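Working notes for the structure below.
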Amino acid sequence: MSRPEADQLLLDAEADVRPSPQGAAARRALLAHPVLLLAGIVLASLNMRAALASVSPLAGEISAAFGLSSTATSLVTSVPVLFLGLGALVAPRLARRLGTEQVLLGALVLLAAGILVRVLPSGYALYGGGVLVGTAIALLNVLMPGLIKRDFPDRAASMTSVYTGSMIAGATVVAAASVPLERAFGGSWEASLAFWSLLAAVAAVAWLPQVLIARGRTGHQERGAVRAPGAGRGVWRSALAWQVTLFMGLQSLWSYVLIAWMPTICTDHGMSRSAAGVVFAFNNLVQVAGAFLVPLLAGRMRSQRPLVALVTSLVAAGYVGLMAAPVSGAWLWAAVLGVGQGGAVGLALTLIVLRSGDAVTASRLSGMAQTVGYLLAAAGPLAAGAVHEATGGWTVPIALVLCVCAAALVVGLLAARDRKVWNG
């Protein structure tokens, strides 16, 4: 598939509706303020991983404050990831009913609230805030590609690079700053986590004028086509769709294990907390290279099997390095893992596009892959924490992640074949 064709199939939560005259007018008014729209996209994207990346460098302090076991600590990451999947189910419906701008604004407000709830002096609030955080990020994950496709159809590739780069940049800055912020706030991990609610609040303010310009209109007149009973279930019956979905889920699983535990693995082997936080931030930064280059290569290949083998091998090699020399080789393993992680997530999202026969199928396959994929990924941090607690070390958990890499290689090679999924 050529690059322009791939751009046309960018995932759109509003793929099967058409704009009303009022909605079209509102969108033209929004596009008359491109700087405002671009600022909103960048600021929203900065928040798409930040609230998750802020927890990992402070996991030890959070655990000590509430007397949590390794398994219970892992839930601090697993609960939001679980709701990344569940939230993906409702995002397209909300966008059709309320309009993308309104839902994005609501998601950012919900994210700011969830971050603040998470630092209340209660274990229930810690996990309840994670539910809000995960749901909010799910809405952002699903709606941002569709917004870009709708408003920047001729610059979709470059705008996608802007939002993915901003997403990774946000995680990098937050990971590096979490421990220094804790020290600046007098050793308060609560203040360090709560600080990032300001980032979500600023992004919400940037989206408010766009909602006001749209005047609350959904912009939808009617569905583009009458849906027959059972329409939309075709992807769930497709073996190829399941292969794409499982690759999405397995690569997410190994990434969220690192998001939850990478700094802890380093500190458990003698590295300082601040150094571990910087190594973790470096890992996030390097992901930009893989996330940018691999999709470009994938779009120019009929079969993406070499890329599947490359990214899974890099991730497996990085995990083996963490097992063998977690401190002395930390920077090298962070770089190898970063390229592999970024490449894998970029490839997973690109496969959704390349394997889809049309835009509606792409939207349906995206919903399936994100829902099932993130539900699968949520088990990763939890299982790694439980096995670590049971064995007293990281060798067995990392060995299990290597098994995940092997499984991802198998389903990825199947998903990378030059075939199509259709929604019918």
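By order in the structure tokens, chains are A, B, ...; within a chain, residues start at 1; ligands start at 1, following the order shown.
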| task | Write out as a VMD selection string each polymer residue whose atoms come within 8 Å of region 414-418 of chain A, counting only C-alpha atoms; drop sequence neighbours fewer than 3 positions from it. | result | chain A and resid 240 to 241 243 to 244 247 302 to 305 308 351 355 410 to 411
If we count only C-alpha atoms, what is near region 70-79 of chain A at a cut-off of 8 Å, once residues fewer than 2 positions away on the same chain are taken out, given as a CSV table (one decimal) with N, CA and C atoms, in the first residue's frame?
chain,number,residue,atom,x,y,z
A,52,LEU,N,0.9,8.0,33.3
A,52,LEU,CA,1.4,6.6,33.5
A,52,LEU,C,2.9,6.6,33.8
A,55,VAL,N,4.3,7.5,37.5
A,55,VAL,CA,4.2,6.6,38.7
A,55,VAL,C,5.4,5.8,38.9
A,59,ALA,N,7.4,4.4,42.5
A,59,ALA,CA,6.7,3.2,42.9
A,59,ALA,C,7.1,2.7,44.3
A,62,ILE,N,5.4,5.0,46.9
A,62,ILE,CA,3.9,4.8,46.9
A,62,ILE,C,3.7,3.5,47.7
A,63,SER,N,4.5,2.5,47.4
A,63,SER,CA,4.3,1.2,48.1
A,63,SER,C,4.6,1.3,49.6
A,68,LEU,N,2.1,-1.6,50.5
A,68,LEU,CA,1.6,-2.4,49.4
A,68,LEU,C,2.6,-3.5,49.1
A,81,VAL,N,-4.2,0.8,32.7
A,81,VAL,CA,-4.1,0.1,31.4
A,81,VAL,C,-5.4,-0.7,31.1
A,82,LEU,N,-5.9,-1.3,32.1
A,82,LEU,CA,-7.2,-2.1,32.0
A,82,LEU,C,-8.3,-1.2,31.4
A,83,PHE,N,-8.3,0.1,31.9
A,83,PHE,CA,-9.4,1.0,31.5
A,83,PHE,C,-9.0,1.7,30.2
A,126,LEU,N,-6.3,5.8,45.4
A,126,LEU,CA,-5.1,5.5,44.5
A,126,LEU,C,-5.5,4.7,43.3
A,127,TYR,N,-6.4,3.7,43.5
A,127,TYR,CA,-6.8,2.9,42.4
A,127,TYR,C,-8.0,3.5,41.7
A,130,GLY,N,-6.8,5.9,39.3
A,130,GLY,CA,-6.2,5.1,38.1
A,130,GLY,C,-7.3,4.8,37.1
A,131,VAL,N,-8.5,4.5,37.6
A,131,VAL,CA,-9.7,4.2,36.7
A,131,VAL,C,-10.0,5.5,35.9
A,134,GLY,N,-7.0,6.1,33.3
A,134,GLY,CA,-7.1,5.2,32.2
A,134,GLY,C,-8.2,5.5,31.2
A,256,TYR,N,4.2,-2.1,28.9
A,256,TYR,CA,3.7,-1.7,30.2
A,256,TYR,C,4.4,-2.4,31.4
A,260,ALA,N,5.9,0.0,34.3
A,260,ALA,CA,5.7,-0.2,35.7
A,260,ALA,C,6.9,-0.5,36.5
A,378,ALA,N,-2.9,-5.2,30.3
A,378,ALA,CA,-3.1,-4.9,31.8
A,378,ALA,C,-2.6,-6.0,32.7
A,379,ALA,N,-2.6,-7.2,32.1
A,379,ALA,CA,-2.1,-8.4,32.9
A,379,ALA,C,-0.6,-8.3,33.1
A,380,GLY,N,0.1,-7.6,32.3
A,380,GLY,CA,1.5,-7.7,32.3
A,380,GLY,C,2.2,-7.2,33.6
A,381,PRO,N,1.9,-5.9,34.0
A,381,PRO,CA,2.5,-5.4,35.2
A,381,PRO,C,2.1,-6.2,36.4
A,382,LEU,N,0.8,-6.6,36.4
A,382,LEU,CA,0.3,-7.3,37.6
A,382,LEU,C,1.0,-8.7,37.7
A,383,ALA,N,1.1,-9.4,36.6
A,383,ALA,CA,1.7,-10.7,36.6
A,383,ALA,C,3.2,-10.6,37.0
A,384,ALA,N,3.9,-9.6,36.4
A,384,ALA,CA,5.3,-9.4,36.7
A,384,ALA,C,5.5,-9.1,38.2
A,385,GLY,N,4.6,-8.2,38.8
A,385,GLY,CA,4.7,-7.9,40.2
A,385,GLY,C,4.5,-9.2,41.1
A,386,ALA,N,3.5,-10.0,40.7
A,386,ALA,CA,3.2,-11.2,41.5
A,386,ALA,C,4.3,-12.2,41.5
A,388,HIS,N,7.4,-11.6,40.8
A,388,HIS,CA,8.6,-11.0,41.5
A,388,HIS,C,8.4,-11.2,43.0
A,389,GLU,N,7.2,-11.0,43.5
A,389,GLU,CA,7.0,-11.2,44.9
A,389,GLU,C,7.1,-12.6,45.3
For this session: Within 8 Å of region 179-190 of chain A, counting only C-alpha atoms, which residues show up once you throw out same-chain ones fewer than 3 positions away? Write them as JSON, numbers by chain, please.
Result: {"A": [57, 58, 61, 62, 119, 120, 176, 193, 194, 273, 274, 277]}
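For region 317-328 of chain A, the residues within 7 Å (counting only C-alpha atoms, excluding itself and residues fewer than 3 positions away along the chain) are Cys266, His269, Met271, Ser313, Leu314, Trp333, Val336, Leu337, Thr395 and Ile398 of chain A.
Take CA of Leu139 (chain A) and CA of Gly346 (chain A): the distance between them is 18.8 Å.
Residue nearest Leu253 (chain A), chosen from A:Pro145, A:Gly373, A:Gly123, A:Pro209 and counting only C-alpha atoms: A:Gly373.
For the pair CA of Val353 (chain A) and CA of Leu84 (chain A), the interatomic distance is 19.9 Å.
Atom to atom, CA of Pro397 (chain A) and CA of Ala177 (chain A) stand 27.4 Å apart.
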Excluding Trp331 (chain A) and any residue of its chain fewer than 2 positions from it, enumerate the residues within 8 Å of it, using only C-alpha atoms, and give them as a PyMOL selection string.
chain A and resi 279+282+329+333-335
Q. In region 99-322 of chain A, what's helix (DSSP H, G or I) per DSSP? Answer as number ranges by chain?
A. A: 100-118, 123-151, 156-184, 189-195, 197-214, 234-237, 239-268, 273-298, 305-322
